[in-house]
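> One file: model_35.txt (compact mmCIF, C-alpha atoms and all ligand atoms).
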# COMPACT_ATOMS: atom_id res chain seq x y z
CA MET A 1 17.03 50.30 -7.46
CA PRO A 2 19.73 52.78 -6.33
CA ARG A 3 23.32 51.54 -6.41
CA SER A 4 23.61 52.07 -2.64
CA VAL A 5 21.57 48.91 -1.99
CA GLU A 6 22.48 46.94 -5.11
CA SER A 7 25.03 44.21 -5.55
CA PRO A 8 28.00 44.25 -4.94
CA ARG A 9 27.40 46.66 -2.03
CA VAL A 10 24.44 44.67 -0.76
CA VAL A 11 24.25 40.97 -1.48
CA ASN A 12 22.60 39.78 1.73
CA ILE A 13 20.69 40.98 4.79
CA ALA A 14 23.90 41.29 6.81
CA ASP A 15 25.06 43.94 4.32
CA LEU A 16 21.85 45.92 4.91
CA ARG A 17 22.48 45.65 8.64
CA LEU A 18 25.89 47.26 8.22
CA LEU A 19 24.41 50.11 6.17
CA ALA A 20 21.74 50.60 8.85
CA ARG A 21 24.42 50.75 11.52
CA ARG A 22 26.25 53.43 9.55
CA ARG A 23 23.13 55.59 9.08
CA LEU A 24 21.37 55.32 12.45
CA PRO A 25 22.41 56.84 15.78
CA ARG A 26 23.43 54.14 18.22
CA VAL A 27 20.26 54.37 20.30
CA VAL A 28 18.01 53.62 17.32
CA PHE A 29 20.28 50.96 15.79
CA ASP A 30 20.64 49.13 19.10
CA TYR A 31 16.90 49.27 19.73
CA LEU A 32 16.43 47.44 16.43
CA ASP A 33 19.43 45.13 16.58
CA GLY A 34 19.43 44.25 20.27
CA GLY A 35 17.65 41.73 22.46
CA ALA A 36 16.95 41.19 26.15
CA GLU A 37 19.52 40.57 28.91
CA GLY A 38 22.47 38.47 27.69
CA GLU A 39 20.85 38.11 24.23
CA PHE A 40 20.98 34.30 24.46
CA THR A 41 17.59 33.86 22.77
CA LEU A 42 18.46 36.47 20.14
CA ARG A 43 21.54 34.43 19.16
CA GLU A 44 19.72 31.12 19.48
CA ASN A 45 17.06 32.23 16.99
CA CYS A 46 19.78 32.41 14.33
CA ASN A 47 21.89 29.48 15.58
CA ALA A 48 18.92 27.11 15.44
CA PHE A 49 18.83 27.42 11.66
CA GLU A 50 22.40 26.15 11.45
CA GLU A 51 21.37 22.92 13.12
CA VAL A 52 18.93 22.16 10.33
CA THR A 53 20.61 20.85 7.18
CA PHE A 54 19.07 20.16 3.79
CA ARG A 55 18.45 16.83 2.06
CA PRO A 56 18.28 17.82 -1.62
CA ARG A 57 16.94 15.73 -4.49
CA HIS A 58 19.50 16.13 -7.25
CA ALA A 59 19.19 15.63 -11.01
CA VAL A 60 15.60 16.88 -10.84
CA ALA A 61 14.61 19.52 -13.40
CA VAL A 62 12.78 22.44 -11.74
CA PRO A 63 12.39 25.04 -14.48
CA LYS A 64 9.81 27.05 -12.53
CA CYS A 65 9.06 27.25 -8.83
CA GLU A 66 5.71 28.13 -7.31
CA LEU A 67 6.30 30.39 -4.32
CA ARG A 68 2.75 31.62 -3.75
CA THR A 69 0.82 30.83 -0.60
CA ARG A 70 -2.17 32.05 1.42
CA VAL A 71 -2.01 33.47 4.94
CA LEU A 72 -5.01 34.67 6.98
CA GLY A 73 -7.18 34.62 3.87
CA CYS A 74 -4.72 36.67 1.79
CA ASP A 75 -2.73 35.64 -1.28
CA LEU A 76 1.00 36.20 -0.91
CA SER A 77 3.57 36.07 -3.72
CA PHE A 78 5.99 34.26 -1.40
CA PRO A 79 5.76 33.01 2.18
CA VAL A 80 7.28 36.03 3.95
CA VAL A 81 5.17 38.57 5.87
CA LEU A 82 6.56 41.79 7.32
CA ALA A 83 6.33 41.63 11.13
CA PRO A 84 5.30 44.53 13.34
CA VAL A 85 8.35 46.70 14.13
CA GLY A 86 7.86 49.46 16.70
CA TYR A 87 9.40 52.93 16.25
CA SER A 88 9.86 52.46 12.48
CA ARG A 89 9.48 56.22 11.93
CA LEU A 90 12.63 56.74 14.00
CA MET A 91 14.46 54.38 11.64
CA HIS A 92 13.36 56.35 8.59
CA PRO A 93 10.94 59.29 8.26
CA GLU A 94 8.74 57.33 5.83
CA GLY A 95 8.77 54.43 8.30
CA GLU A 96 5.66 52.29 8.20
CA VAL A 97 4.35 53.85 4.98
CA ALA A 98 7.55 52.96 3.10
CA ALA A 99 7.62 49.43 4.49
CA ALA A 100 3.96 48.79 3.65
CA ARG A 101 4.39 50.16 0.12
CA ALA A 102 7.44 47.95 -0.51
CA ALA A 103 5.59 44.92 0.87
CA GLY A 104 2.64 45.56 -1.43
CA MET A 105 4.91 45.97 -4.44
CA ALA A 106 6.54 42.64 -3.59
CA GLY A 107 3.09 41.04 -3.39
CA THR A 108 3.14 40.34 0.31
CA ALA A 109 1.56 41.51 3.58
CA TYR A 110 2.73 44.15 6.03
CA THR A 111 1.89 44.15 9.75
CA LEU A 112 1.58 47.57 11.36
CA SER A 113 2.72 47.83 15.00
CA THR A 114 0.62 49.74 17.52
CA ILE A 115 3.87 51.61 18.32
CA SER A 116 3.85 53.31 14.94
CA GLY A 117 4.45 56.86 13.78
CA HIS A 118 2.17 57.04 10.73
CA ARG A 119 -1.63 56.95 10.74
CA LEU A 120 -2.97 53.48 10.07
CA GLU A 121 -5.18 54.83 7.24
CA ASP A 122 -2.09 56.20 5.44
CA VAL A 123 -0.26 52.91 5.89
CA ARG A 124 -3.22 50.95 4.54
CA SER A 125 -3.56 53.14 1.47
CA ALA A 126 0.20 53.04 0.75
CA SER A 127 0.14 49.31 0.07
CA SER A 128 -1.37 47.47 -2.87
CA GLY A 129 -1.22 44.27 -0.79
CA PRO A 130 -2.83 43.08 2.44
CA VAL A 131 -2.08 44.90 5.69
CA PHE A 132 -2.53 43.45 9.20
CA TYR A 133 -2.86 45.47 12.44
CA GLN A 134 -0.87 44.41 15.50
CA LEU A 135 -2.60 45.24 18.75
CA TYR A 136 -1.15 46.30 22.10
CA LEU A 137 -3.46 47.62 24.78
CA MET A 138 -1.37 50.65 25.75
CA GLY A 139 -3.74 53.57 26.08
CA GLY A 140 -6.41 51.25 27.47
CA ARG A 141 -9.40 49.38 26.10
CA ALA A 142 -11.22 52.43 24.67
CA ALA A 143 -8.15 53.44 22.64
CA ALA A 144 -7.75 49.85 21.41
CA GLU A 145 -11.41 49.61 20.42
CA ALA A 146 -11.09 52.88 18.50
CA ALA A 147 -7.99 51.56 16.69
CA ILE A 148 -9.76 48.29 15.84
CA GLN A 149 -12.71 50.23 14.46
CA ARG A 150 -10.39 52.43 12.37
CA ALA A 151 -8.47 49.38 11.13
CA ARG A 152 -11.72 47.75 10.06
CA SER A 153 -12.95 50.86 8.21
CA ALA A 154 -9.55 51.37 6.56
CA GLY A 155 -9.56 47.82 5.19
CA PHE A 156 -7.00 45.94 7.28
CA SER A 157 -7.23 42.20 6.63
CA ALA A 158 -6.38 40.67 10.02
CA LEU A 159 -5.59 41.50 13.62
CA VAL A 160 -2.34 40.25 15.19
CA VAL A 161 -2.55 40.10 18.98
CA THR A 162 0.80 39.92 20.77
CA ILE A 163 0.68 37.99 24.05
CA ASP A 164 4.27 38.06 25.34
CA THR A 165 4.52 41.62 26.66
CA LEU A 166 3.29 41.78 30.25
CA VAL A 167 6.30 44.06 30.72
CA ALA A 168 9.17 44.82 28.35
CA GLY A 169 12.20 42.54 28.40
CA MET A 170 15.38 43.97 29.92
CA ARG A 171 16.94 45.52 26.81
CA GLU A 172 20.26 46.50 28.29
CA ARG A 173 21.46 48.37 25.21
CA ASP A 174 18.44 50.72 25.42
CA PHE A 175 19.32 51.64 29.00
CA ARG A 176 22.96 52.33 28.14
CA ASN A 177 22.05 54.45 25.12
CA GLY A 178 19.43 56.54 26.93
CA MET A 179 16.33 55.46 24.96
CA LYS A 180 14.10 56.47 27.88
CA GLU A 181 15.77 59.85 28.46
CA LEU A 182 15.79 60.66 24.76
CA LEU A 183 12.06 60.07 24.36
CA GLY A 184 11.20 61.61 27.74
CA GLY A 185 10.30 65.24 28.46
CA ASN A 186 13.33 66.35 30.53
CA PRO A 187 15.84 68.19 28.28
CA LEU A 188 18.64 68.03 30.87
CA ALA A 189 18.38 64.24 31.07
CA LYS A 190 18.92 64.06 27.30
CA LEU A 191 22.20 65.99 27.26
CA PRO A 192 24.64 63.12 27.99
CA PHE A 193 23.14 61.08 25.15
CA LEU A 194 23.13 63.73 22.42
CA PRO A 195 26.59 63.17 20.84
CA GLN A 196 25.39 59.97 19.13
CA PHE A 197 23.06 62.12 16.99
CA LEU A 198 25.77 64.55 15.93
CA ALA A 199 27.73 61.54 14.68
CA ARG A 200 24.88 60.77 12.24
CA PRO A 201 24.11 64.12 10.52
CA GLY A 202 22.23 62.51 7.61
CA TRP A 203 19.82 60.76 9.94
CA LEU A 204 19.54 63.84 12.18
CA ALA A 205 18.58 66.11 9.27
CA GLY A 206 15.84 63.69 8.18
CA PHE A 207 14.58 63.32 11.74
CA LEU A 208 14.38 67.09 12.35
CA LEU A 209 12.73 67.76 8.98
CA ASP A 210 10.19 65.08 9.89
CA GLY A 211 9.28 67.08 13.00
CA GLY A 212 11.32 65.17 15.61
CA VAL A 213 9.80 62.58 17.91
CA PRO A 214 6.34 61.67 16.54
CA ARG A 215 3.24 61.01 18.65
CA LEU A 216 1.42 57.68 18.43
CA PRO A 217 -1.34 58.46 15.92
CA ASN A 218 -2.87 55.00 16.29
CA VAL A 219 -3.21 55.13 20.07
CA VAL A 220 -5.83 57.81 20.47
CA ILE A 221 -7.41 57.98 23.90
CA PRO A 222 -11.00 59.22 23.46
CA GLY A 223 -11.26 62.79 24.72
CA GLN A 224 -7.48 63.11 25.12
CA GLY A 225 -5.87 62.61 21.70
CA PRO A 226 -2.84 60.58 20.59
CA LEU A 227 -0.44 59.23 23.20
CA PRO A 228 3.06 60.77 23.16
CA LEU A 229 5.83 58.43 22.01
CA ILE A 230 7.22 56.72 25.10
CA ASP A 231 10.10 54.30 25.47
CA VAL A 232 9.44 50.63 25.00
CA GLY A 233 9.59 49.88 28.75
CA ALA A 234 6.80 52.34 29.51
CA ALA A 235 4.86 51.32 26.42
CA LEU A 236 4.83 47.59 27.03
CA SER A 237 4.19 47.79 30.77
CA SER A 238 0.74 49.09 29.90
CA ALA A 239 0.27 46.95 26.79
CA ALA A 240 -0.44 43.50 28.18
CA VAL A 241 -3.16 41.36 26.64
CA THR A 242 -4.70 38.46 28.59
CA TRP A 243 -6.85 35.59 27.38
CA GLU A 244 -9.82 37.39 29.01
CA ASP A 245 -9.19 40.41 26.76
CA LEU A 246 -9.50 38.20 23.71
CA ARG A 247 -13.22 37.90 24.34
CA TRP A 248 -13.95 41.60 23.79
CA ILE A 249 -11.28 41.84 21.09
CA ARG A 250 -13.08 39.09 19.19
CA GLU A 251 -16.34 40.96 19.52
CA ALA A 252 -14.77 44.19 18.27
CA TRP A 253 -12.97 42.50 15.33
CA SER A 254 -14.95 40.08 13.20
CA GLY A 255 -12.07 39.22 10.83
CA PRO A 256 -9.27 36.70 11.33
CA ILE A 257 -7.04 36.97 14.41
CA ALA A 258 -3.45 35.76 14.75
CA ILE A 259 -2.03 35.18 18.23
CA LYS A 260 1.67 36.08 18.28
CA GLY A 261 4.07 34.96 20.98
CA VAL A 262 3.24 31.26 21.34
CA LEU A 263 6.12 29.06 22.56
CA THR A 264 4.32 26.13 24.17
CA THR A 265 1.72 23.62 23.07
CA ASP A 266 -0.48 24.72 26.01
CA ASP A 267 -0.62 28.29 24.75
CA ALA A 268 -1.20 27.04 21.21
CA ARG A 269 -4.24 25.04 22.35
CA ARG A 270 -5.50 28.01 24.36
CA ALA A 271 -5.17 30.25 21.31
CA LEU A 272 -7.21 27.73 19.29
CA ASP A 273 -9.87 27.67 22.03
CA GLU A 274 -10.06 31.46 21.82
CA GLY A 275 -10.74 31.26 18.09
CA ALA A 276 -7.33 32.13 16.59
CA SER A 277 -7.08 31.64 12.83
CA ALA A 278 -3.29 31.67 13.04
CA ILE A 279 -0.61 31.20 15.66
CA VAL A 280 2.74 32.92 15.43
CA VAL A 281 5.46 30.87 17.11
CA SER A 282 7.60 33.71 18.37
CA ASN A 283 9.85 34.87 21.18
CA HIS A 284 9.52 38.49 20.05
CA GLY A 285 12.88 38.37 18.32
CA GLY A 286 14.68 37.57 21.59
CA ARG A 287 13.53 40.92 23.00
CA GLN A 288 11.29 39.73 25.84
CA LEU A 289 12.11 36.77 28.14
CA ASP A 290 15.74 35.86 27.54
CA GLY A 291 16.38 32.15 28.00
CA VAL A 292 13.37 30.88 26.08
CA PRO A 293 14.16 28.57 23.15
CA ALA A 294 14.60 29.61 19.57
CA SER A 295 11.26 29.75 17.76
CA LEU A 296 12.48 27.22 15.20
CA ARG A 297 13.20 24.63 17.89
CA VAL A 298 9.65 24.65 19.28
CA LEU A 299 7.96 24.99 15.91
CA PRO A 300 7.58 21.23 15.16
CA GLU A 301 5.86 20.40 18.48
CA ILE A 302 3.45 23.32 18.06
CA VAL A 303 2.67 22.31 14.47
CA ALA A 304 1.88 18.82 15.77
CA ALA A 305 -0.35 20.12 18.58
CA VAL A 306 -2.26 22.49 16.27
CA ASN A 307 -2.73 19.62 13.81
CA GLY A 308 -4.08 21.75 10.97
CA ARG A 309 -6.72 23.56 13.04
CA ALA A 310 -5.05 26.95 12.43
CA GLU A 311 -2.22 28.30 10.33
CA VAL A 312 1.14 28.16 12.07
CA LEU A 313 3.53 31.01 11.30
CA MET A 314 6.88 31.67 12.92
CA ASP A 315 9.38 34.46 13.37
CA GLY A 316 12.84 34.88 14.87
CA GLY A 317 16.23 34.59 13.24
CA ILE A 318 15.27 34.69 9.56
CA ARG A 319 18.17 36.28 7.70
CA ARG A 320 18.19 34.24 4.46
CA GLY A 321 15.70 32.64 2.14
CA SER A 322 17.13 29.27 3.08
CA ASP A 323 15.95 30.00 6.66
CA VAL A 324 12.45 30.60 5.28
CA VAL A 325 12.58 27.24 3.49
CA LYS A 326 13.80 25.43 6.61
CA ALA A 327 10.94 26.87 8.69
CA ILE A 328 8.42 25.74 6.07
CA CYS A 329 9.96 22.26 5.96
CA LEU A 330 9.40 22.11 9.73
CA GLY A 331 5.72 22.96 9.37
CA ALA A 332 5.34 26.76 9.17
CA ARG A 333 2.95 28.04 6.54
CA ALA A 334 4.98 31.25 6.25
CA VAL A 335 7.42 33.31 8.29
CA LEU A 336 7.42 36.84 9.63
CA ILE A 337 10.55 38.95 9.25
CA GLY A 338 11.32 41.95 11.47
CA ARG A 339 14.97 42.98 11.54
CA ALA A 340 15.55 41.51 8.08
CA TYR A 341 13.43 44.23 6.47
CA ALA A 342 13.90 46.94 9.10
CA PHE A 343 17.66 46.96 8.42
CA GLY A 344 16.74 47.79 4.82
CA LEU A 345 14.28 50.49 5.97
CA ALA A 346 16.92 52.07 8.18
CA ALA A 347 19.56 51.85 5.44
CA ALA A 348 17.57 53.38 2.59
CA GLY A 349 13.82 53.68 3.27
CA GLN A 350 11.43 52.04 0.80
CA VAL A 351 14.14 50.88 -1.61
CA GLY A 352 16.00 49.24 1.27
CA VAL A 353 12.88 47.26 2.24
CA ALA A 354 12.34 46.35 -1.41
CA ARG A 355 15.95 45.15 -1.65
CA SER A 356 15.60 43.03 1.46
CA LEU A 357 12.46 41.37 0.06
CA GLU A 358 14.13 40.84 -3.30
CA ILE A 359 17.10 39.16 -1.61
CA LEU A 360 14.86 36.83 0.40
CA ARG A 361 12.63 36.02 -2.55
CA THR A 362 15.47 35.11 -4.90
CA ASP A 363 17.05 33.11 -2.07
CA VAL A 364 13.83 31.13 -1.56
CA GLU A 365 13.51 30.39 -5.26
CA ARG A 366 17.14 29.36 -5.66
CA THR A 367 16.95 27.16 -2.55
CA LEU A 368 13.87 25.36 -3.90
CA LYS A 369 15.65 24.69 -7.19
CA LEU A 370 18.76 23.43 -5.44
CA LEU A 371 16.56 21.16 -3.35
CA GLY A 372 14.83 19.80 -6.45
CA CYS A 373 11.43 20.97 -5.21
CA ALA A 374 8.96 22.72 -7.52
CA SER A 375 6.77 24.48 -4.96
CA ILE A 376 6.47 25.83 -1.45
CA ASP A 377 3.48 23.52 -0.89
CA ALA A 378 5.61 20.45 -1.60
CA LEU A 379 8.17 21.25 1.11
CA ASP A 380 8.08 18.95 4.12
CA GLY A 381 10.29 17.34 6.74
CA SER A 382 11.83 14.97 4.21
CA TYR A 383 13.91 17.87 2.81
CA VAL A 384 15.73 18.54 6.08
CA HIS A 385 17.65 16.86 8.81
CA VAL A 386 17.50 18.30 12.32
CA HIS A 387 20.70 17.80 14.32
CA LYS A 388 20.03 17.55 18.02
CA LYS A 389 22.27 19.73 20.15
C1 LIG A 401 8.16 46.43 20.52
O1 LIG A 401 7.19 45.75 20.40
C2 LIG A 401 9.43 45.90 20.85
O2 LIG A 401 9.50 44.71 21.16
O3 LIG A 401 10.43 46.63 20.84
Write the structure described by the file as structure tokens, please.


Amino acid sequence: MPRSVESPRVVNIADLRLLARRRLPRVVFDYLDGGAEGEFTLRENCNAFEEVTFRPRHAVAVPKCELRTRVLGCDLSFPVVLAPVGYSRLMHPEGEVAAARAAGMAGTAYTLSTISGHRLEDVRSASSGPVFYQLYLMGGRAAAEAAIQRARSAGFSALVVTIDTLVAGMRERDFRNGMKELLGGNPLAKLPFLPQFLARPGWLAGFLLDGGVPRLPNVVIPGQGPLPLIDVGAALSSAAVTWEDLRWIREAWSGPIAIKGVLTTDDARRALDEGASAIVVSNHGGRQLDGVPASLRVLPEIVAAVNGRAEVLMDGGIRRGSDVVKAICLGARAVLIGRAYAFGLAAAGQVGVARSLEILRTDVERTLKLLGCASIDALDGSYVHVHKK
């Protein structure tokens, strides 16, 4: 592992975030780091973990901890899956390929976003572990069916259908930084936003050598070719999935489906009715509807409503392995991480993702030992106390 991401320079995810901020132009960093509107939900996702405290069992010898689990039919070395992160190729030229490879080497699963810059076949073959495909309907049903077919042939293990994107949330930082202008076709509109790139020559050189703004090789409209990369507002306004769509999606994809973006017990039950194998309790990292609760706060009621009929995963606010353990104590089978690995990707490519996974994995193991618990499977609500706000 290169010294740039080793201890003492990097001892936690916050350190990787600072390195990412130093390497990326503001528009790309803020796209990754930011949330919607006043970023209340973004902050809440992290704050909620501070209201859960541990109840350790001391003087218990735990020489070895079992961290392995199974998610969507796949064996994972520890209960952390890489979430879909759009525009990863803008964060680092190797983008999704680097993240998938690092996930595989760490023995866990990677989820490829529809808004990705590398071909899904290349991402699949880069990883020695399972890879899931996250579906948005931008480009229309025919493009989505073609992507599902390609994902099946390439050997993806599960489909992750995101249901919280009827439109994009109001990401104020993206507007200020000119995300739309920079990805759009009008060169004059880009001019006011260009200085942020000159301030990051290392990133700029990599971006230009990579060919500049990529197209969307996984959104191929039959007869027209791949969609150009558009800003997240334009992308998500044509990406919405409804419960009705799940019918044809289920016909096109015979493998397991996870429904991501569930925040209420009603939606959880609906997802079960539509045949979901897993539910991801998620507010899209605080990037969609600001003012919804932290994922962790609604997790227990959704776990109770699902009552073992599907796997319950969660994302939002995971920055430490102790956060992973808290989510599992409250009923999650595993968590998804987005920013926590993408900061590593932006900081240093594949080795940055590997470092982020190593940090979280050693955190999880140490936390289990300090709790006096020998395995992930043995974690339950008796190991935590939830303080009501
Ligand atoms: C893409 O899915 C995003 O939320 O930015």

> Pick out the closest residue to ligand LIG 401 (chain A) from this set: A:Asp273, A:Asp210, A:Asp363, A:Asp164. Count only C-alpha atoms and all ligand atoms.

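Comparing A:Asp273, A:Asp210, A:Asp363, A:Asp164 against ligand LIG 401 (chain A), the winner is A:Asp164.
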
> Hey, what's within 6 Å of Phe54 in chain A if we count all atoms listed in the file and toss same-chain stuff fewer than 2 positions away? As a list of chain:residue names, please?

A:Pro56, A:Tyr383, A:Val384

> If you count only C-alpha atoms, which residues fall within 10 Å of Ile318 in chain A, apart from same-chain ones fewer than 6 positions away, as number ranges by chain?

A: 13, 45-46, 49, 80, 285, 296, 324-327, 335-340, 360

> Please give me, as a PDB file with C-alpha atoms, in the frame of the given file, the residues lying within 10 Å of ligand LIG 401 (chain A) when counting all atoms listed in the file.


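Final file, selection.pdb:
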ATOM      1  CA  TYR A  31      16.900  49.270  19.730  1.00  0.00           C
ATOM      2  CA  LEU A  32      16.430  47.440  16.430  1.00  0.00           C
ATOM      3  CA  GLY A  34      19.430  44.250  20.270  1.00  0.00           C
ATOM      4  CA  GLY A  35      17.650  41.730  22.460  1.00  0.00           C
ATOM      5  CA  ALA A  36      16.950  41.190  26.150  1.00  0.00           C
ATOM      6  CA  PRO A  84       5.300  44.530  13.340  1.00  0.00           C
ATOM      7  CA  VAL A  85       8.350  46.700  14.130  1.00  0.00           C
ATOM      8  CA  GLY A  86       7.860  49.460  16.700  1.00  0.00           C
ATOM      9  CA  TYR A  87       9.400  52.930  16.250  1.00  0.00           C
ATOM     10  CA  SER A 113       2.720  47.830  15.000  1.00  0.00           C
ATOM     11  CA  THR A 114       0.620  49.740  17.520  1.00  0.00           C
ATOM     12  CA  ILE A 115       3.870  51.610  18.320  1.00  0.00           C
ATOM     13  CA  SER A 116       3.850  53.310  14.940  1.00  0.00           C
ATOM     14  CA  GLN A 134      -0.870  44.410  15.500  1.00  0.00           C
ATOM     15  CA  LEU A 135      -2.600  45.240  18.750  1.00  0.00           C
ATOM     16  CA  TYR A 136      -1.150  46.300  22.100  1.00  0.00           C
ATOM     17  CA  THR A 162       0.800  39.920  20.770  1.00  0.00           C
ATOM     18  CA  ASP A 164       4.270  38.060  25.340  1.00  0.00           C
ATOM     19  CA  THR A 165       4.520  41.620  26.660  1.00  0.00           C
ATOM     20  CA  ALA A 168       9.170  44.820  28.350  1.00  0.00           C
ATOM     21  CA  GLY A 169      12.200  42.540  28.400  1.00  0.00           C
ATOM     22  CA  ARG A 171      16.940  45.520  26.810  1.00  0.00           C
ATOM     23  CA  ASP A 231      10.100  54.300  25.470  1.00  0.00           C
ATOM     24  CA  VAL A 232       9.440  50.630  25.000  1.00  0.00           C
ATOM     25  CA  GLY A 233       9.590  49.880  28.750  1.00  0.00           C
ATOM     26  CA  ALA A 235       4.860  51.320  26.420  1.00  0.00           C
ATOM     27  CA  LEU A 236       4.830  47.590  27.030  1.00  0.00           C
ATOM     28  CA  ALA A 239       0.270  46.950  26.790  1.00  0.00           C
ATOM     29  CA  ASN A 283       9.850  34.870  21.180  1.00  0.00           C
ATOM     30  CA  HIS A 284       9.520  38.490  20.050  1.00  0.00           C
ATOM     31  CA  GLY A 285      12.880  38.370  18.320  1.00  0.00           C
ATOM     32  CA  GLY A 286      14.680  37.570  21.590  1.00  0.00           C
ATOM     33  CA  ARG A 287      13.530  40.920  23.000  1.00  0.00           C
ATOM     34  CA  GLN A 288      11.290  39.730  25.840  1.00  0.00           C
TER      35      GLN A 288
END

> With distances taken over only C-alpha atoms, which residue among A:Asn186, A:Ala334, A:Arg320, A:Ser282 lies nearest Thr108 in chain A?

A:Ala334
